[in-house]
Amino acid sequence: GAGKDGGSGFGAELLLYGPILFCAVLVHELCHCWAARKCGGSAEQILLWPLGGLAFIGNLDSASKDLKVAVAGPLSHIPQIFLFMILTAIVNSGKVTADSVPGKPSNGFWGFLFYHAMMIHVSLFAFNLLLPCYPLDGGRVLADALLMARFSAEKAAKIVVAISVPIGVVLIVSGFLLLAEGNGAAVLTIVVALWLCWQIKALWVMISSDTVSQHPLFANAKEWEAAAPPAPVQDPAAHSGADAAVAAV
């Protein structure tokens with residue numbers, strides 16, 4: 001009956017936004033720690049809180065290694081996406097669709113649970129890696145890429161802020177639009193977006209006060225720049241010779 005189906009849906013959501021989400025975030029942060037140690041860095045502890053998790057890592061000696069550590073967390077969701085996709089197909093007659101809701105004879109409770117667990121991992125992967133917004137992993141990847149391209153810490157930080165601000169604003173507006181349509185989960189989107197904007201503002205304050213080198217995202221930038229091999233310099237004589245050869249042709 002309706003009551004039974006409603007109870008099944010409520011129970012599944014408790015599992016989704018309780019142990020399943022908790023484990024997803026924990027594995028994500030553990031992969032950051034694993035990658036840091038594989039790259040010769042340190043990983044001391046993990047902080048889990050209502051808006052996600054934070055791995056305390058350090059002692060990485062290059063921006064390229066920091067980038068590898070940044071992508072390791074989001075990549076942890078890919079095998080879990082396929083795991084829950086397979087489980088959804090098993091209980092849903094080989095189909096992986098949004099029809100996996102309580103009360104459907106073909107799937108019921110487990111179809112709902114597995115499908116939405118898969119979508120949680122899809123969302124965490126996309127949100128963390130594909131949005132180049134600080135302080136998400138995508139924002140760290142952007143910062144590392146800019147440092148690898150030999151931008152100074154100050155210029156890289158300004159670019160990160162310039163890209164992050166509109167993303168944060170869009171997330172806030174999207175959250176309120178979804179909330180107006182009756183989507184209660186949009187409250188979490190708004191809270192996360194406001195937290196992102198607060199972190200972006202903190203980075204901008206450090207840029208304005210010329211202390212960006214003390215920010216965790218750029219604290220090692222000068223050391224990495226000093227340790228990096230020098231950029232290749234074109235030999236003027238060789239360049240002139242090439243021009244002469246072209247002219248002769």
# chains A, B, ... in the order shown; residues from 1 in each chain; ligands from 1
>>> closest_atom_pairs(of="region 20-76 of chain A", to="region 143-163 of chain A", cutoff="8 Å", atoms="only C-alpha atoms", output="Markdown table")
| residue | atom | partner | partner_atom | distance |
| --- | --- | --- | --- | --- |
| A:Ala63 | CA | A:Asp144 | CA | 5.2 |
| A:Ser64 | CA | A:Asp144 | CA | 6.8 |
| A:Asp66 | CA | A:Asp144 | CA | 6.9 |
| A:Leu67 | CA | A:Asp144 | CA | 5.7 |
>>> write_last_selection(atoms="all heavy atoms", output="short mmCIF file (atom, residue, chain, number, x, y, z; two decimals), in the first residue's frame")
data_model
loop_
_atom_site.label_atom_id
_atom_site.label_comp_id
_atom_site.auth_asym_id
_atom_site.auth_seq_id
_atom_site.Cartn_x
_atom_site.Cartn_y
_atom_site.Cartn_z
N ALA A 63 53.60 21.19 -8.21
CA ALA A 63 52.20 21.41 -8.51
C ALA A 63 51.59 20.21 -9.23
O ALA A 63 50.41 19.91 -9.07
CB ALA A 63 52.05 22.67 -9.38
N SER A 64 52.40 19.51 -10.03
CA SER A 64 51.88 18.35 -10.76
C SER A 64 51.48 17.24 -9.79
O SER A 64 50.47 16.55 -9.98
CB SER A 64 52.93 17.83 -11.75
OG SER A 64 54.10 17.42 -11.07
N ASP A 66 50.56 17.78 -6.66
CA ASP A 66 49.38 18.29 -5.97
C ASP A 66 48.13 18.08 -6.82
O ASP A 66 47.05 17.76 -6.30
CB ASP A 66 49.55 19.78 -5.65
CG ASP A 66 48.52 20.28 -4.65
OD1 ASP A 66 48.65 19.93 -3.46
OD2 ASP A 66 47.60 20.99 -5.06
N LEU A 67 48.28 18.25 -8.14
CA LEU A 67 47.16 18.02 -9.05
C LEU A 67 46.72 16.55 -9.01
O LEU A 67 45.52 16.26 -8.99
CB LEU A 67 47.56 18.43 -10.46
CG LEU A 67 46.45 18.43 -11.52
CD1 LEU A 67 46.73 19.51 -12.57
CD2 LEU A 67 46.34 17.08 -12.23
#
>>> select_by_dssp(residues="region 90-147 of chain A", states="helix (DSSP H, G or I)", output="VMD selection string")
chain A and resid 90 to 91 108 to 130 137 to 147
>>> residues_around(residues="region 174-179 of chain A", least_positions_apart="6", cutoff="9 Å", atoms="only C-alpha atoms", output="list of chain:residue names")
A:Ala185, A:Ala186, A:Val187, A:Leu188, A:Thr189, A:Ile190, A:Val191, A:Ala193
>>> residues_around(residues="Asp61 (chain A)", least_positions_apart="4", cutoff="10 Å", atoms="only C-alpha atoms", output="list of chain:residue names")
A:Cys39, A:Gly40, A:Gly41, A:Lys65, A:Asp66, A:Asn220, A:Ala221, A:Glu223, A:Trp224, A:Glu225, A:Ala227, A:Ala228
>>> write_last_selection(atoms="all heavy atoms", output="PDB file, in the first residue's frame")
ATOM      1  N   CYS A  39      52.709  10.106  -3.658  1.00  0.00           N
ATOM      2  CA  CYS A  39      53.487  11.170  -4.300  1.00  0.00           C
ATOM      3  C   CYS A  39      54.583  11.705  -3.393  1.00  0.00           C
ATOM      4  O   CYS A  39      55.213  12.731  -3.701  1.00  0.00           O
ATOM      5  CB  CYS A  39      52.554  12.312  -4.725  1.00  0.00           C
ATOM      6  SG  CYS A  39      51.467  11.899  -6.109  1.00  0.00           S
ATOM      7  N   GLY A  40      54.803  11.046  -2.269  1.00  0.00           N
ATOM      8  CA  GLY A  40      55.872  11.456  -1.380  1.00  0.00           C
ATOM      9  C   GLY A  40      55.478  12.490  -0.337  1.00  0.00           C
ATOM     10  O   GLY A  40      56.344  12.995   0.390  1.00  0.00           O
ATOM     11  N   GLY A  41      54.184  12.806  -0.258  1.00  0.00           N
ATOM     12  CA  GLY A  41      53.719  13.774   0.719  1.00  0.00           C
ATOM     13  C   GLY A  41      53.247  13.106   1.993  1.00  0.00           C
ATOM     14  O   GLY A  41      53.443  11.903   2.210  1.00  0.00           O
ATOM     15  N   LYS A  65      52.253  17.060  -8.717  1.00  0.00           N
ATOM     16  CA  LYS A  65      51.891  16.054  -7.707  1.00  0.00           C
ATOM     17  C   LYS A  65      50.657  16.487  -6.935  1.00  0.00           C
ATOM     18  O   LYS A  65      49.800  15.669  -6.606  1.00  0.00           O
ATOM     19  CB  LYS A  65      53.069  15.811  -6.761  1.00  0.00           C
ATOM     20  CG  LYS A  65      54.227  15.077  -7.410  1.00  0.00           C
ATOM     21  CD  LYS A  65      55.346  14.801  -6.417  1.00  0.00           C
ATOM     22  CE  LYS A  65      56.482  14.034  -7.073  1.00  0.00           C
ATOM     23  NZ  LYS A  65      57.602  13.764  -6.117  1.00  0.00           N
ATOM     24  N   ASP A  66      50.559  17.783  -6.658  1.00  0.00           N
ATOM     25  CA  ASP A  66      49.376  18.289  -5.968  1.00  0.00           C
ATOM     26  C   ASP A  66      48.132  18.084  -6.821  1.00  0.00           C
ATOM     27  O   ASP A  66      47.053  17.764  -6.302  1.00  0.00           O
ATOM     28  CB  ASP A  66      49.552  19.775  -5.654  1.00  0.00           C
ATOM     29  CG  ASP A  66      48.524  20.276  -4.651  1.00  0.00           C
ATOM     30  OD1 ASP A  66      48.646  19.933  -3.462  1.00  0.00           O
ATOM     31  OD2 ASP A  66      47.596  20.994  -5.058  1.00  0.00           O
ATOM     32  N   ASN A 220      53.021  26.726  -1.188  1.00  0.00           N
ATOM     33  CA  ASN A 220      54.255  26.112  -1.687  1.00  0.00           C
ATOM     34  C   ASN A 220      54.615  26.572  -3.101  1.00  0.00           C
ATOM     35  O   ASN A 220      55.542  26.036  -3.710  1.00  0.00           O
ATOM     36  CB  ASN A 220      54.119  24.588  -1.689  1.00  0.00           C
ATOM     37  CG  ASN A 220      53.916  24.033  -0.294  1.00  0.00           C
ATOM     38  OD1 ASN A 220      54.561  24.465   0.652  1.00  0.00           O
ATOM     39  ND2 ASN A 220      53.000  23.085  -0.158  1.00  0.00           N
ATOM     40  N   ALA A 221      53.883  27.553  -3.622  1.00  0.00           N
ATOM     41  CA  ALA A 221      54.060  27.944  -5.023  1.00  0.00           C
ATOM     42  C   ALA A 221      55.484  28.398  -5.327  1.00  0.00           C
ATOM     43  O   ALA A 221      56.067  28.018  -6.342  1.00  0.00           O
ATOM     44  CB  ALA A 221      53.058  29.045  -5.382  1.00  0.00           C
ATOM     45  N   GLU A 223      58.289  27.657  -3.736  1.00  0.00           N
ATOM     46  CA  GLU A 223      59.211  26.518  -3.662  1.00  0.00           C
ATOM     47  C   GLU A 223      59.089  25.656  -4.918  1.00  0.00           C
ATOM     48  O   GLU A 223      60.096  25.202  -5.462  1.00  0.00           O
ATOM     49  CB  GLU A 223      58.905  25.685  -2.425  1.00  0.00           C
ATOM     50  CG  GLU A 223      59.160  26.413  -1.113  1.00  0.00           C
ATOM     51  CD  GLU A 223      58.814  25.555   0.086  1.00  0.00           C
ATOM     52  OE1 GLU A 223      58.641  24.328  -0.092  1.00  0.00           O
ATOM     53  OE2 GLU A 223      58.710  26.102   1.195  1.00  0.00           O
ATOM     54  N   TRP A 224      57.852  25.442  -5.361  1.00  0.00           N
ATOM     55  CA  TRP A 224      57.648  24.634  -6.570  1.00  0.00           C
ATOM     56  C   TRP A 224      58.266  25.322  -7.782  1.00  0.00           C
ATOM     57  O   TRP A 224      58.878  24.674  -8.631  1.00  0.00           O
ATOM     58  CB  TRP A 224      56.154  24.424  -6.811  1.00  0.00           C
ATOM     59  CG  TRP A 224      55.497  23.555  -5.778  1.00  0.00           C
ATOM     60  CD1 TRP A 224      56.103  22.740  -4.877  1.00  0.00           C
ATOM     61  CD2 TRP A 224      54.091  23.420  -5.545  1.00  0.00           C
ATOM     62  NE1 TRP A 224      55.169  22.103  -4.095  1.00  0.00           N
ATOM     63  CE2 TRP A 224      53.935  22.499  -4.487  1.00  0.00           C
ATOM     64  CE3 TRP A 224      52.962  23.987  -6.123  1.00  0.00           C
ATOM     65  CZ2 TRP A 224      52.673  22.138  -4.000  1.00  0.00           C
ATOM     66  CZ3 TRP A 224      51.708  23.631  -5.641  1.00  0.00           C
ATOM     67  CH2 TRP A 224      51.564  22.709  -4.591  1.00  0.00           C
ATOM     68  N   GLU A 225      58.123  26.651  -7.847  1.00  0.00           N
ATOM     69  CA  GLU A 225      58.674  27.397  -8.988  1.00  0.00           C
ATOM     70  C   GLU A 225      60.196  27.327  -8.986  1.00  0.00           C
ATOM     71  O   GLU A 225      60.829  27.163 -10.029  1.00  0.00           O
ATOM     72  CB  GLU A 225      58.212  28.852  -8.914  1.00  0.00           C
ATOM     73  CG  GLU A 225      58.669  29.692 -10.099  1.00  0.00           C
ATOM     74  CD  GLU A 225      58.174  31.122 -10.020  1.00  0.00           C
ATOM     75  OE1 GLU A 225      57.511  31.473  -9.023  1.00  0.00           O
ATOM     76  OE2 GLU A 225      58.458  31.881 -10.959  1.00  0.00           O
ATOM     77  N   ALA A 227      62.006  24.946  -7.715  1.00  0.00           N
ATOM     78  CA  ALA A 227      62.463  23.576  -7.959  1.00  0.00           C
ATOM     79  C   ALA A 227      62.190  23.107  -9.380  1.00  0.00           C
ATOM     80  O   ALA A 227      62.778  22.123  -9.834  1.00  0.00           O
ATOM     81  CB  ALA A 227      61.787  22.619  -6.974  1.00  0.00           C
ATOM     82  N   ALA A 228      61.301  23.818 -10.095  1.00  0.00           N
ATOM     83  CA  ALA A 228      60.936  23.389 -11.447  1.00  0.00           C
ATOM     84  C   ALA A 228      62.094  23.635 -12.409  1.00  0.00           C
ATOM     85  O   ALA A 228      62.869  24.587 -12.249  1.00  0.00           O
ATOM     86  CB  ALA A 228      59.707  24.149 -11.923  1.00  0.00           C
TER      87      ALA A 228
END
>>> select_by_dssp(residues="region 15-198 of chain A", states="strand (DSSP E or B)", output="list in words")
Ser42, Ala43, Glu44, Gln45, Ile46, Leu47, Leu48, Trp49, Gly52, Gly53, Leu54, Ala55, Phe56, Ile57 and Gly58 of chain A
>>> residues_around(residues="Gly73 (chain A)", least_positions_apart="6", cutoff="12 Å", atoms="only C-alpha atoms", output="mmCIF file with all heavy atoms, in the first residue's frame")
data_model
loop_
_atom_site.group_PDB
_atom_site.id
_atom_site.type_symbol
_atom_site.label_atom_id
_atom_site.label_comp_id
_atom_site.auth_asym_id
_atom_site.auth_seq_id
_atom_site.Cartn_x
_atom_site.Cartn_y
_atom_site.Cartn_z
ATOM 1 N N ALA A 24 30.841 7.399 1.059
ATOM 2 C CA ALA A 24 31.306 7.997 -0.192
ATOM 3 C C ALA A 24 32.309 9.110 0.083
ATOM 4 O O ALA A 24 33.370 9.197 -0.554
ATOM 5 C CB ALA A 24 30.118 8.538 -0.990
ATOM 6 N N VAL A 25 31.982 9.969 1.052
ATOM 7 C CA VAL A 25 32.881 11.081 1.390
ATOM 8 C C VAL A 25 34.165 10.555 2.035
ATOM 9 O O VAL A 25 35.266 11.037 1.737
ATOM 10 C CB VAL A 25 32.169 12.070 2.332
ATOM 11 C CG1 VAL A 25 33.138 13.157 2.801
ATOM 12 C CG2 VAL A 25 30.971 12.701 1.627
ATOM 13 N N LEU A 26 34.028 9.547 2.905
ATOM 14 C CA LEU A 26 35.211 8.989 3.570
ATOM 15 C C LEU A 26 36.177 8.370 2.562
ATOM 16 O O LEU A 26 37.391 8.620 2.617
ATOM 17 C CB LEU A 26 34.780 7.944 4.597
ATOM 18 C CG LEU A 26 35.912 7.239 5.361
ATOM 19 C CD1 LEU A 26 36.769 8.243 6.112
ATOM 20 C CD2 LEU A 26 35.352 6.182 6.302
ATOM 21 N N VAL A 27 35.656 7.571 1.626
ATOM 22 C CA VAL A 27 36.509 6.955 0.608
ATOM 23 C C VAL A 27 37.163 8.036 -0.253
ATOM 24 O O VAL A 27 38.351 7.940 -0.609
ATOM 25 C CB VAL A 27 35.703 5.973 -0.261
ATOM 26 C CG1 VAL A 27 36.528 5.499 -1.455
ATOM 27 C CG2 VAL A 27 35.258 4.776 0.573
ATOM 28 N N HIS A 28 36.404 9.073 -0.587
ATOM 29 C CA HIS A 28 36.926 10.210 -1.360
ATOM 30 C C HIS A 28 38.156 10.809 -0.664
ATOM 31 O O HIS A 28 39.212 10.997 -1.291
ATOM 32 C CB HIS A 28 35.807 11.257 -1.485
ATOM 33 C CG HIS A 28 36.181 12.495 -2.222
ATOM 34 N ND1 HIS A 28 35.604 12.853 -3.421
ATOM 35 C CD2 HIS A 28 37.074 13.490 -1.943
ATOM 36 C CE1 HIS A 28 36.115 13.999 -3.837
ATOM 37 N NE2 HIS A 28 37.013 14.409 -2.948
ATOM 38 N N GLU A 29 38.025 11.086 0.624
ATOM 39 C CA GLU A 29 39.130 11.700 1.360
ATOM 40 C C GLU A 29 40.291 10.722 1.566
ATOM 41 O O GLU A 29 41.463 11.114 1.528
ATOM 42 C CB GLU A 29 38.635 12.219 2.715
ATOM 43 C CG GLU A 29 37.540 13.281 2.618
ATOM 44 C CD GLU A 29 37.942 14.480 1.784
ATOM 45 O OE1 GLU A 29 39.148 14.814 1.754
ATOM 46 O OE2 GLU A 29 37.052 15.075 1.138
ATOM 47 N N LEU A 30 39.971 9.445 1.776
ATOM 48 C CA LEU A 30 41.025 8.440 1.909
ATOM 49 C C LEU A 30 41.858 8.343 0.634
ATOM 50 O O LEU A 30 43.081 8.133 0.692
ATOM 51 C CB LEU A 30 40.422 7.075 2.254
ATOM 52 C CG LEU A 30 39.939 6.900 3.700
ATOM 53 C CD1 LEU A 30 39.186 5.576 3.844
ATOM 54 C CD2 LEU A 30 41.105 6.955 4.685
ATOM 55 N N CYS A 31 41.223 8.503 -0.517
ATOM 56 C CA CYS A 31 41.962 8.455 -1.788
ATOM 57 C C CYS A 31 42.868 9.674 -1.937
ATOM 58 O O CYS A 31 43.964 9.566 -2.507
ATOM 59 C CB CYS A 31 40.990 8.345 -2.960
ATOM 60 S SG CYS A 31 40.303 6.686 -3.157
ATOM 61 N N HIS A 32 42.437 10.837 -1.439
ATOM 62 C CA HIS A 32 43.339 11.995 -1.398
ATOM 63 C C HIS A 32 44.582 11.651 -0.576
ATOM 64 O O HIS A 32 45.714 11.940 -0.976
ATOM 65 C CB HIS A 32 42.634 13.199 -0.760
ATOM 66 C CG HIS A 32 41.715 13.936 -1.671
ATOM 67 N ND1 HIS A 32 42.067 14.342 -2.938
ATOM 68 C CD2 HIS A 32 40.429 14.385 -1.487
ATOM 69 C CE1 HIS A 32 41.058 14.989 -3.504
ATOM 70 N NE2 HIS A 32 40.061 15.030 -2.641
ATOM 71 N N CYS A 33 44.357 11.042 0.596
ATOM 72 C CA CYS A 33 45.472 10.699 1.491
ATOM 73 C C CYS A 33 46.395 9.662 0.855
ATOM 74 O O CYS A 33 47.628 9.782 0.925
ATOM 75 C CB CYS A 33 44.926 10.160 2.817
ATOM 76 S SG CYS A 33 44.008 11.383 3.793
ATOM 77 N N TRP A 34 45.794 8.660 0.231
ATOM 78 C CA TRP A 34 46.592 7.617 -0.430
ATOM 79 C C TRP A 34 47.451 8.217 -1.530
ATOM 80 O O TRP A 34 48.654 7.917 -1.640
ATOM 81 C CB TRP A 34 45.663 6.549 -0.996
ATOM 82 C CG TRP A 34 46.367 5.541 -1.853
ATOM 83 C CD1 TRP A 34 47.062 4.444 -1.443
ATOM 84 C CD2 TRP A 34 46.452 5.548 -3.294
ATOM 85 N NE1 TRP A 34 47.582 3.758 -2.523
ATOM 86 C CE2 TRP A 34 47.217 4.418 -3.672
ATOM 87 C CE3 TRP A 34 45.950 6.378 -4.285
ATOM 88 C CZ2 TRP A 34 47.488 4.120 -5.003
ATOM 89 C CZ3 TRP A 34 46.224 6.087 -5.612
ATOM 90 C CH2 TRP A 34 46.991 4.958 -5.952
ATOM 91 N N ALA A 35 46.854 9.096 -2.346
ATOM 92 C CA ALA A 35 47.601 9.712 -3.442
ATOM 93 C C ALA A 35 48.721 10.599 -2.907
ATOM 94 O O ALA A 35 49.822 10.642 -3.471
ATOM 95 C CB ALA A 35 46.649 10.524 -4.326
ATOM 96 N N ALA A 36 48.447 11.322 -1.817
ATOM 97 C CA ALA A 36 49.480 12.189 -1.236
ATOM 98 C C ALA A 36 50.691 11.374 -0.798
ATOM 99 O O ALA A 36 51.843 11.748 -1.063
ATOM 100 C CB ALA A 36 48.902 12.962 -0.049
ATOM 101 N N GLY A 53 34.064 16.747 3.464
ATOM 102 C CA GLY A 53 35.234 16.265 4.178
ATOM 103 C C GLY A 53 36.466 17.057 3.783
ATOM 104 O O GLY A 53 36.483 17.784 2.792
ATOM 105 N N LEU A 54 37.509 16.905 4.590
ATOM 106 C CA LEU A 54 38.761 17.611 4.339
ATOM 107 C C LEU A 54 39.921 16.722 4.763
ATOM 108 O O LEU A 54 39.971 16.262 5.909
ATOM 109 C CB LEU A 54 38.801 18.936 5.115
ATOM 110 C CG LEU A 54 40.081 19.767 4.994
ATOM 111 C CD1 LEU A 54 40.277 20.243 3.564
ATOM 112 C CD2 LEU A 54 40.024 20.955 5.949
ATOM 113 N N ALA A 55 40.833 16.457 3.834
ATOM 114 C CA ALA A 55 42.034 15.679 4.136
ATOM 115 C C ALA A 55 43.195 16.639 4.359
ATOM 116 O O ALA A 55 43.435 17.537 3.540
ATOM 117 C CB ALA A 55 42.349 14.726 2.994
ATOM 118 N N ASP A 66 50.559 17.783 -6.658
ATOM 119 C CA ASP A 66 49.376 18.289 -5.968
ATOM 120 C C ASP A 66 48.132 18.084 -6.821
ATOM 121 O O ASP A 66 47.053 17.764 -6.302
ATOM 122 C CB ASP A 66 49.552 19.775 -5.654
ATOM 123 C CG ASP A 66 48.524 20.276 -4.651
ATOM 124 O OD1 ASP A 66 48.646 19.933 -3.462
ATOM 125 O OD2 ASP A 66 47.596 20.994 -5.058
ATOM 126 N N LEU A 67 48.281 18.247 -8.136
ATOM 127 C CA LEU A 67 47.158 18.022 -9.047
ATOM 128 C C LEU A 67 46.716 16.555 -9.011
ATOM 129 O O LEU A 67 45.516 16.259 -8.994
ATOM 130 C CB LEU A 67 47.557 18.434 -10.464
ATOM 131 C CG LEU A 67 46.447 18.430 -11.522
ATOM 132 C CD1 LEU A 67 46.727 19.505 -12.569
ATOM 133 C CD2 LEU A 67 46.342 17.085 -12.226
ATOM 134 N N PRO A 79 34.530 3.861 -9.858
ATOM 135 C CA PRO A 79 34.199 2.452 -9.647
ATOM 136 C C PRO A 79 32.915 2.251 -8.850
ATOM 137 O O PRO A 79 32.185 1.275 -9.074
ATOM 138 C CB PRO A 79 35.421 1.901 -8.900
ATOM 139 C CG PRO A 79 36.122 3.089 -8.353
ATOM 140 C CD PRO A 79 35.860 4.201 -9.296
ATOM 141 N N HIS A 121 26.959 9.323 -6.308
ATOM 142 C CA HIS A 121 28.362 9.270 -6.725
ATOM 143 C C HIS A 121 28.597 10.056 -8.015
ATOM 144 O O HIS A 121 29.639 10.702 -8.171
ATOM 145 C CB HIS A 121 28.803 7.820 -6.884
ATOM 146 C CG HIS A 121 29.069 7.129 -5.585
ATOM 147 N ND1 HIS A 121 30.190 7.374 -4.835
ATOM 148 C CD2 HIS A 121 28.338 6.219 -4.893
ATOM 149 C CE1 HIS A 121 30.160 6.639 -3.742
ATOM 150 N NE2 HIS A 121 29.050 5.934 -3.745
ATOM 151 N N LEU A 124 28.697 13.694 -6.879
ATOM 152 C CA LEU A 124 29.928 14.034 -6.165
ATOM 153 C C LEU A 124 31.113 14.119 -7.116
ATOM 154 O O LEU A 124 31.975 14.999 -6.985
ATOM 155 C CB LEU A 124 30.196 12.999 -5.068
ATOM 156 C CG LEU A 124 29.256 13.047 -3.867
ATOM 157 C CD1 LEU A 124 29.515 11.859 -2.939
ATOM 158 C CD2 LEU A 124 29.406 14.359 -3.100
ATOM 159 N N PHE A 125 31.170 13.209 -8.089
ATOM 160 C CA PHE A 125 32.250 13.245 -9.078
ATOM 161 C C PHE A 125 32.191 14.537 -9.887
ATOM 162 O O PHE A 125 33.194 15.262 -10.008
ATOM 163 C CB PHE A 125 32.153 12.043 -10.007
ATOM 164 C CG PHE A 125 33.075 12.123 -11.202
ATOM 165 C CD1 PHE A 125 34.412 11.817 -11.078
ATOM 166 C CD2 PHE A 125 32.594 12.522 -12.440
ATOM 167 C CE1 PHE A 125 35.269 11.899 -12.177
ATOM 168 C CE2 PHE A 125 33.433 12.616 -13.541
ATOM 169 C CZ PHE A 125 34.772 12.304 -13.400
ATOM 170 N N ALA A 126 31.012 14.836 -10.435
ATOM 171 C CA ALA A 126 30.877 16.004 -11.305
ATOM 172 C C ALA A 126 31.065 17.304 -10.528
ATOM 173 O O ALA A 126 31.771 18.218 -10.977
ATOM 174 C CB ALA A 126 29.504 15.978 -11.979
ATOM 175 N N PHE A 127 30.452 17.388 -9.359
ATOM 176 C CA PHE A 127 30.506 18.617 -8.566
ATOM 177 C C PHE A 127 31.934 18.923 -8.130
ATOM 178 O O PHE A 127 32.387 20.077 -8.193
ATOM 179 C CB PHE A 127 29.593 18.477 -7.346
ATOM 180 C CG PHE A 127 29.452 19.736 -6.538
ATOM 181 C CD1 PHE A 127 28.694 20.798 -7.014
ATOM 182 C CD2 PHE A 127 30.072 19.864 -5.308
ATOM 183 C CE1 PHE A 127 28.558 21.968 -6.276
ATOM 184 C CE2 PHE A 127 29.945 21.029 -4.558
ATOM 185 C CZ PHE A 127 29.185 22.083 -5.045
ATOM 186 N N ASN A 128 32.663 17.912 -7.711
ATOM 187 C CA ASN A 128 34.010 18.132 -7.180
ATOM 188 C C ASN A 128 35.057 18.338 -8.255
ATOM 189 O O ASN A 128 35.976 19.146 -8.078
ATOM 190 C CB ASN A 128 34.422 16.950 -6.291
ATOM 191 C CG ASN A 128 33.879 17.056 -4.886
ATOM 192 O OD1 ASN A 128 34.381 17.812 -4.071
ATOM 193 N ND2 ASN A 128 32.821 16.314 -4.613
ATOM 194 N N LEU A 129 34.950 17.624 -9.364
ATOM 195 C CA LEU A 129 36.028 17.662 -10.357
ATOM 196 C C LEU A 129 35.740 18.584 -11.534
ATOM 197 O O LEU A 129 36.644 19.243 -12.047
ATOM 198 C CB LEU A 129 36.316 16.259 -10.877
ATOM 199 C CG LEU A 129 37.549 16.125 -11.786
ATOM 200 C CD1 LEU A 129 38.810 16.599 -11.070
ATOM 201 C CD2 LEU A 129 37.723 14.689 -12.249
ATOM 202 N N LEU A 136 36.589 23.614 -4.130
ATOM 203 C CA LEU A 136 36.358 22.260 -4.625
ATOM 204 C C LEU A 136 37.632 21.710 -5.253
ATOM 205 O O LEU A 136 38.557 22.448 -5.581
ATOM 206 C CB LEU A 136 35.223 22.259 -5.652
ATOM 207 C CG LEU A 136 33.865 22.774 -5.172
ATOM 208 C CD1 LEU A 136 32.873 22.799 -6.333
ATOM 209 C CD2 LEU A 136 33.326 21.920 -4.027
ATOM 210 N N ASP A 137 37.658 20.389 -5.462
ATOM 211 C CA ASP A 137 38.837 19.774 -6.076
ATOM 212 C C ASP A 137 39.101 20.361 -7.460
ATOM 213 O O ASP A 137 40.260 20.512 -7.859
ATOM 214 C CB ASP A 137 38.638 18.258 -6.174
ATOM 215 C CG ASP A 137 38.648 17.598 -4.806
ATOM 216 O OD1 ASP A 137 39.406 18.047 -3.931
ATOM 217 O OD2 ASP A 137 37.898 16.625 -4.608
ATOM 218 N N GLY A 138 38.043 20.693 -8.186
ATOM 219 C CA GLY A 138 38.214 21.294 -9.507
ATOM 220 C C GLY A 138 38.926 22.633 -9.432
ATOM 221 O O GLY A 138 39.710 22.988 -10.319
ATOM 222 N N ARG A 140 41.137 23.391 -7.131
ATOM 223 C CA ARG A 140 42.545 23.067 -6.843
ATOM 224 C C ARG A 140 43.258 22.613 -8.111
ATOM 225 O O ARG A 140 44.420 22.969 -8.341
ATOM 226 C CB ARG A 140 42.629 21.992 -5.767
ATOM 227 C CG ARG A 140 44.026 21.819 -5.222
ATOM 228 C CD ARG A 140 44.105 20.886 -4.044
ATOM 229 N NE ARG A 140 45.397 21.017 -3.381
ATOM 230 C CZ ARG A 140 45.626 21.764 -2.325
ATOM 231 N NH1 ARG A 140 44.631 22.447 -1.786
ATOM 232 N NH2 ARG A 140 46.833 21.840 -1.795
ATOM 233 N N VAL A 141 42.562 21.826 -8.939
ATOM 234 C CA VAL A 141 43.143 21.397 -10.214
ATOM 235 C C VAL A 141 43.452 22.624 -11.080
ATOM 236 O O VAL A 141 44.515 22.710 -11.708
ATOM 237 C CB VAL A 141 42.192 20.439 -10.950
ATOM 238 C CG1 VAL A 141 42.649 20.213 -12.394
ATOM 239 C CG2 VAL A 141 42.105 19.104 -10.214
#
>>> closest_residue(among="A:Gly108, A:Pro135, A:Ser164, A:Val96", to="His215 (chain A)", atoms="only C-alpha atoms")
A:Pro135
>>> residues_around(residues="region 166-169 of chain A", least_positions_apart="5", cutoff="8 Å", atoms="only C-alpha atoms", output="ChimeraX atom specification")
/A:131,133,193-194,196-197
>>> atom_distance(atom1="CA of Leu75 (chain A)", atom2="CA of Ala202 (chain A)")
27.7 Å
